[in-house]
Amino acid sequence: MEARDPSDILMDAVLVDERQQETVSAVPITAEDGNSRGIWLVFRNRRAVFVVVLLLVISTSLAAGLSILFLSDHSDGKAGEEFPSPSVFSETISSIPTSGSTVSLLTLVNLLRDSVEDATPWENTTSPQYKALNWLANEDSWTSSSIEDGSFAIPIQIVVERYALVVLYMAWNGDMWTNETGMLDVNLPSCEWSIEVNCDDDDDFIDLGSPANRCKPTGVECNGSSVAAAIGAMGEIPTEVGLLSSLEYLLLGYNSLSGTLTTELFQLTKLELLDLMFNDITGPIPSEVGLAANLRTLDLGYNKITGILDNVVNPSLRHIVFAFNDLEGTIPVDFGTMTMLEYLDLSFNDLSGQLPSSLADMHFLDHLSLESNGALSGTVPATLSILNVSVVYLEGTDLRNLDVFCSSFSIDAFWADCGDPDIECSCCTVCCESDVFCLDGLF
């Protein structure tokens with residue numbers, strides 16, 4: 001009898017399996033054929049087991065995936081929030097040496113992420129924000145001692161402000177500052193990050209390098225809820241400055257700060273004094289300046305600030321210095337709403353137009369500097385005669401009717417271009433010609 005091709009036997013087996021009926025063959029099966037068929041049946045049984053196992057693996061994987069998705073949508077974070085999940089940082093964070101680490105970096109991320117508006121810089125290991133986070137985790141024993149059972153044993157805002165201070169230090173190359181501040185002491189609270197100085201008053205504030213003849217505490221003083229640093233700060237102002245919600249005094253003058261004025265500065269509702277003079281700040285003054293409800297002094301002089309003064313109004317201000325910038329346009333009428341203003345210096349800009357009569361509403365104005373704004377012109381409004389100013393600088397302008405200010409009984413210094421015969425000023429103390437040559441006045 002002719003031996004059957006094994007492929008025919010395989011086809012018979014498939015037909016039996018698919019049609020659930022016997023397949024009759026008129027050809028006898030040899031012993032050799034029988035062995036081949038037995039082998040196929042064993043193979044078929046194993047294939048069935050394999051299919052079942054494969055289906056179980058697939059279903060388990062799908063269930064796990066759905067579980068992960070569900071958990072990620074119902075995690076501790078807020079739905080739709082901008083804060084990256086801590087898992088985003090796990091690969092980056094694991095690359096940082098952790099020998100001597102005081103607290104897990106991921107633990108710190110979990111504790112701070114809801115208090116930090118923008119946590120995306122944490123993904124960049126070269127950013128000041130990441131360096132600050134890493135310092136808190138790997139070097140700062142004070143932060144480690146403040147964490148118990150995965151949470152802070154002190155108010156979270158204290159740690160947030162410590163983080164913000166370290167960001168400023170890292171962003172401004174603190175390790176290159178030319179004088180010590182006491183900052184980044186790993187064993188002290190940030191309120192004690194300071195050194196002893198001699199001041200004539202009890203004010204505590206940030207001073208990043210004012211001249212030696214100014215009261216200059218350095219470091220962080222918390223009696224006045226403020227910050228300090230040292231000569232040599234350079235770089236842009238990080239948005240993290242807005243995390244210093246208790247800040248009252250911020251002096252960053254005489255440094256190399258650049259970039260634009262971050263709006264977060266003016267969202268500090270307790271801020272009373274902001275001094276950024278003698279830096280390289282550019283761009284316009286944000287209209288958000290009016291949000292700082294307690295701001296009394298705003299000194300932005302000697303920078304490269306541009307734009308106009310419209311909407312740059314804050315009724316709480318007492319002292320404004322915008323001198324030596326590139327401001328242009330007119331002095332807005334709504335400047336008169338700053339009725340508590342005592343000191344106004346807009347000198348050495350490119351301002352134009354006439355003085356608004358609304359300045360007469362500045363009942364407390366004592367110092368007015370508008371010199372070297374060559375396009376300021378026209379007649380000084382007679383209503384300004386009610387101002388009781390003691391210092392007026394108008395040289396280098398094209399203003400007329402200057403005797404309006406002579407009604408003040410307290411005039412001490414009045415500079416104008418009265419060296420020009422076309423400009424009369426009966427009470428000027430110094431007369432100038434062409435903003436260059438000045439003579440003692442007649443008063």
# chains A, B, ... in the order shown; residues from 1 in each chain; ligands from 1

$ select_by_dssp --residues "range 254-341 of chain A" --states "strand (DSSP E)" --output "number ranges by chain"
A: 256-259, 273-275, 280-283, 297-299, 304-307, 319-321, 326-329

$ residues_around --residues "Leu376 in chain A" --least-positions-apart "4" --cutoff "7 Å" --atoms "only C-alpha atoms" --output "ChimeraX atom specification"
/A:351-354,397-399

$ atom_distance --atom1 "CA of Thr269 in chain A" --atom2 "CA of Gly242 in chain A"
9.9 Å

$ closest_atom_pairs --of "range 317-352 of chain A" --to "range 283-287 of chain A" --cutoff "12 Å" --atoms "only C-alpha atoms" --output "JSON lines"
{"residue": "A:Phe322", "atom": "CA", "partner": "A:Ile285", "partner_atom": "CA", "distance": 9.9}
{"residue": "A:Asn325", "atom": "CA", "partner": "A:Gly283", "partner_atom": "CA", "distance": 10.3}
{"residue": "A:Asp326", "atom": "CA", "partner": "A:Gly283", "partner_atom": "CA", "distance": 9.5}
{"residue": "A:Leu327", "atom": "CA", "partner": "A:Pro284", "partner_atom": "CA", "distance": 8.3}
{"residue": "A:Glu328", "atom": "CA", "partner": "A:Pro284", "partner_atom": "CA", "distance": 10.5}

$ select_by_dssp --residues "range 178-419 of chain A" --states "helix (DSSP H, G or I)" --output "count of residues only"
39

$ closest_residue --among "A:Ser145, A:Thr297, A:Ser385, A:Asn138" --to "Leu188 in chain A" --atoms "only C-alpha atoms"
A:Ser145

$ closest_residue --among "A:Leu247, A:Leu344, A:Cys438, A:Leu165" --to "Trp193 in chain A" --atoms "only C-alpha atoms"
A:Leu165

$ residues_around --residues "range 422-432 of chain A" --least-positions-apart "6" --cutoff "10 Å" --atoms "only C-alpha atoms" --output "ChimeraX atom specification"
/A:392-396,398-408,411-416,438-443

$ atom_distance --atom1 "CA of Glu192 in chain A" --atom2 "CA of Leu168 in chain A"
16.5 Å

$ closest_residue --among "A:Arg318, A:Leu244, A:Glu433, A:Gly259" --to "Asp420 in chain A" --atoms "only C-alpha atoms"
A:Glu433

$ residues_around --residues "Ala132 in chain A" --least-positions-apart "5" --cutoff "7 Å" --atoms "only C-alpha atoms" --output "ChimeraX atom specification"
/A:163,166-167,170

$ residues_around --residues "range 288-294 of chain A" --least-positions-apart "2" --cutoff "7 Å" --atoms "only C-alpha atoms" --output "JSON, numbers by chain"
{"A": [263, 266, 267, 268, 269, 270, 271, 272, 286, 296, 312, 313, 314, 316]}

$ write_last_selection --atoms "all heavy atoms" --output "compact mmCIF listing (two decimals), in the first residue's frame"
# COMPACT_ATOMS: atom_id res chain seq x y z
N THR A 263 6.99 90.27 35.71
CA THR A 263 5.76 90.77 36.34
C THR A 263 5.58 90.22 37.75
O THR A 263 4.86 90.83 38.55
CB THR A 263 4.54 90.41 35.49
OG1 THR A 263 4.47 88.98 35.32
CG2 THR A 263 4.62 91.06 34.11
N PHE A 266 5.89 92.54 40.79
CA PHE A 266 4.81 93.44 41.18
C PHE A 266 3.58 92.69 41.67
O PHE A 266 2.55 93.30 41.96
CB PHE A 266 4.48 94.36 40.01
CG PHE A 266 5.67 95.12 39.51
CD1 PHE A 266 6.28 94.79 38.31
CD2 PHE A 266 6.23 96.13 40.28
CE1 PHE A 266 7.40 95.47 37.88
CE2 PHE A 266 7.35 96.82 39.85
CZ PHE A 266 7.95 96.49 38.64
N GLN A 267 3.70 91.38 41.77
CA GLN A 267 2.64 90.59 42.39
C GLN A 267 2.96 90.29 43.85
O GLN A 267 2.23 89.56 44.52
CB GLN A 267 2.45 89.29 41.60
CG GLN A 267 1.92 89.54 40.19
CD GLN A 267 1.94 88.31 39.30
OE1 GLN A 267 2.29 87.22 39.74
NE2 GLN A 267 1.57 88.48 38.04
N LEU A 268 4.07 90.86 44.34
CA LEU A 268 4.43 90.74 45.75
C LEU A 268 3.66 91.80 46.52
O LEU A 268 4.04 92.97 46.56
CB LEU A 268 5.94 90.93 45.92
CG LEU A 268 6.82 89.88 45.24
CD1 LEU A 268 8.28 90.30 45.26
CD2 LEU A 268 6.65 88.53 45.91
N THR A 269 2.56 91.41 47.11
CA THR A 269 1.62 92.38 47.69
C THR A 269 2.16 93.09 48.92
O THR A 269 1.63 94.13 49.32
CB THR A 269 0.30 91.68 48.03
OG1 THR A 269 0.57 90.59 48.94
CG2 THR A 269 -0.37 91.13 46.78
N LYS A 270 3.22 92.55 49.53
CA LYS A 270 3.80 93.20 50.71
C LYS A 270 5.03 94.04 50.38
O LYS A 270 5.58 94.70 51.26
CB LYS A 270 4.16 92.14 51.76
CG LYS A 270 2.96 91.42 52.34
CD LYS A 270 3.38 90.45 53.44
CE LYS A 270 2.16 89.75 54.03
NZ LYS A 270 2.55 88.82 55.13
N LEU A 271 5.44 94.03 49.13
CA LEU A 271 6.65 94.74 48.73
C LEU A 271 6.47 96.24 48.92
O LEU A 271 5.51 96.84 48.42
CB LEU A 271 6.98 94.44 47.27
CG LEU A 271 8.31 94.98 46.76
CD1 LEU A 271 9.48 94.31 47.48
CD2 LEU A 271 8.43 94.77 45.24
N GLU A 272 7.41 96.88 49.62
CA GLU A 272 7.37 98.31 49.86
C GLU A 272 8.47 99.06 49.13
O GLU A 272 8.29 100.22 48.76
CB GLU A 272 7.49 98.61 51.37
CG GLU A 272 6.33 98.09 52.20
CD GLU A 272 6.44 98.47 53.66
OE1 GLU A 272 7.20 99.42 53.97
OE2 GLU A 272 5.80 97.83 54.50
N PRO A 286 6.28 97.02 33.26
CA PRO A 286 4.98 96.32 33.16
C PRO A 286 3.85 97.13 33.78
O PRO A 286 4.04 97.81 34.80
CB PRO A 286 5.22 95.01 33.94
CG PRO A 286 6.70 94.89 34.07
CD PRO A 286 7.25 96.27 34.08
N ARG A 296 6.05 101.55 47.96
CA ARG A 296 6.27 102.96 48.28
C ARG A 296 7.40 103.56 47.45
O ARG A 296 7.33 104.71 47.04
CB ARG A 296 6.61 103.12 49.77
CG ARG A 296 5.54 102.59 50.71
CD ARG A 296 4.28 103.44 50.68
NE ARG A 296 3.29 102.95 51.62
CZ ARG A 296 2.32 102.10 51.36
NH1 ARG A 296 2.22 101.60 50.13
NH2 ARG A 296 1.46 101.72 52.27
N VAL A 312 1.64 103.06 33.82
CA VAL A 312 2.66 102.81 34.84
C VAL A 312 2.33 103.69 36.04
O VAL A 312 2.98 104.70 36.32
CB VAL A 312 4.08 103.13 34.31
CG1 VAL A 312 5.13 102.77 35.35
CG2 VAL A 312 4.33 102.36 33.03
N VAL A 313 1.28 103.32 36.73
CA VAL A 313 0.76 104.14 37.82
C VAL A 313 0.46 103.24 39.01
O VAL A 313 -0.11 102.15 38.86
CB VAL A 313 -0.52 104.88 37.39
CG1 VAL A 313 -1.16 105.58 38.58
CG2 VAL A 313 -0.21 105.90 36.30
N ASN A 314 0.86 103.70 40.19
CA ASN A 314 0.54 103.00 41.43
C ASN A 314 0.26 104.06 42.49
O ASN A 314 1.18 104.75 42.94
CB ASN A 314 1.70 102.10 41.85
CG ASN A 314 1.35 101.23 43.04
OD1 ASN A 314 0.64 101.65 43.95
ND2 ASN A 314 1.85 100.00 43.06
N SER A 316 -0.06 104.05 45.51
CA SER A 316 0.60 103.91 46.81
C SER A 316 2.03 104.44 46.79
O SER A 316 2.66 104.59 47.84
CB SER A 316 0.62 102.45 47.24
OG SER A 316 1.46 101.68 46.40

$ atom_distance --atom1 "CA of Pro381 in chain A" --atom2 "CA of His363 in chain A"
15.2 Å

$ residues_around --residues "range 184-186 of chain A" --least-positions-apart "2" --cutoff "7 Å" --atoms "only C-alpha atoms" --output "list of chain:residue names"
A:Glu139, A:Asp140, A:Ser141, A:Trp142, A:Gly182, A:Leu188, A:Trp193
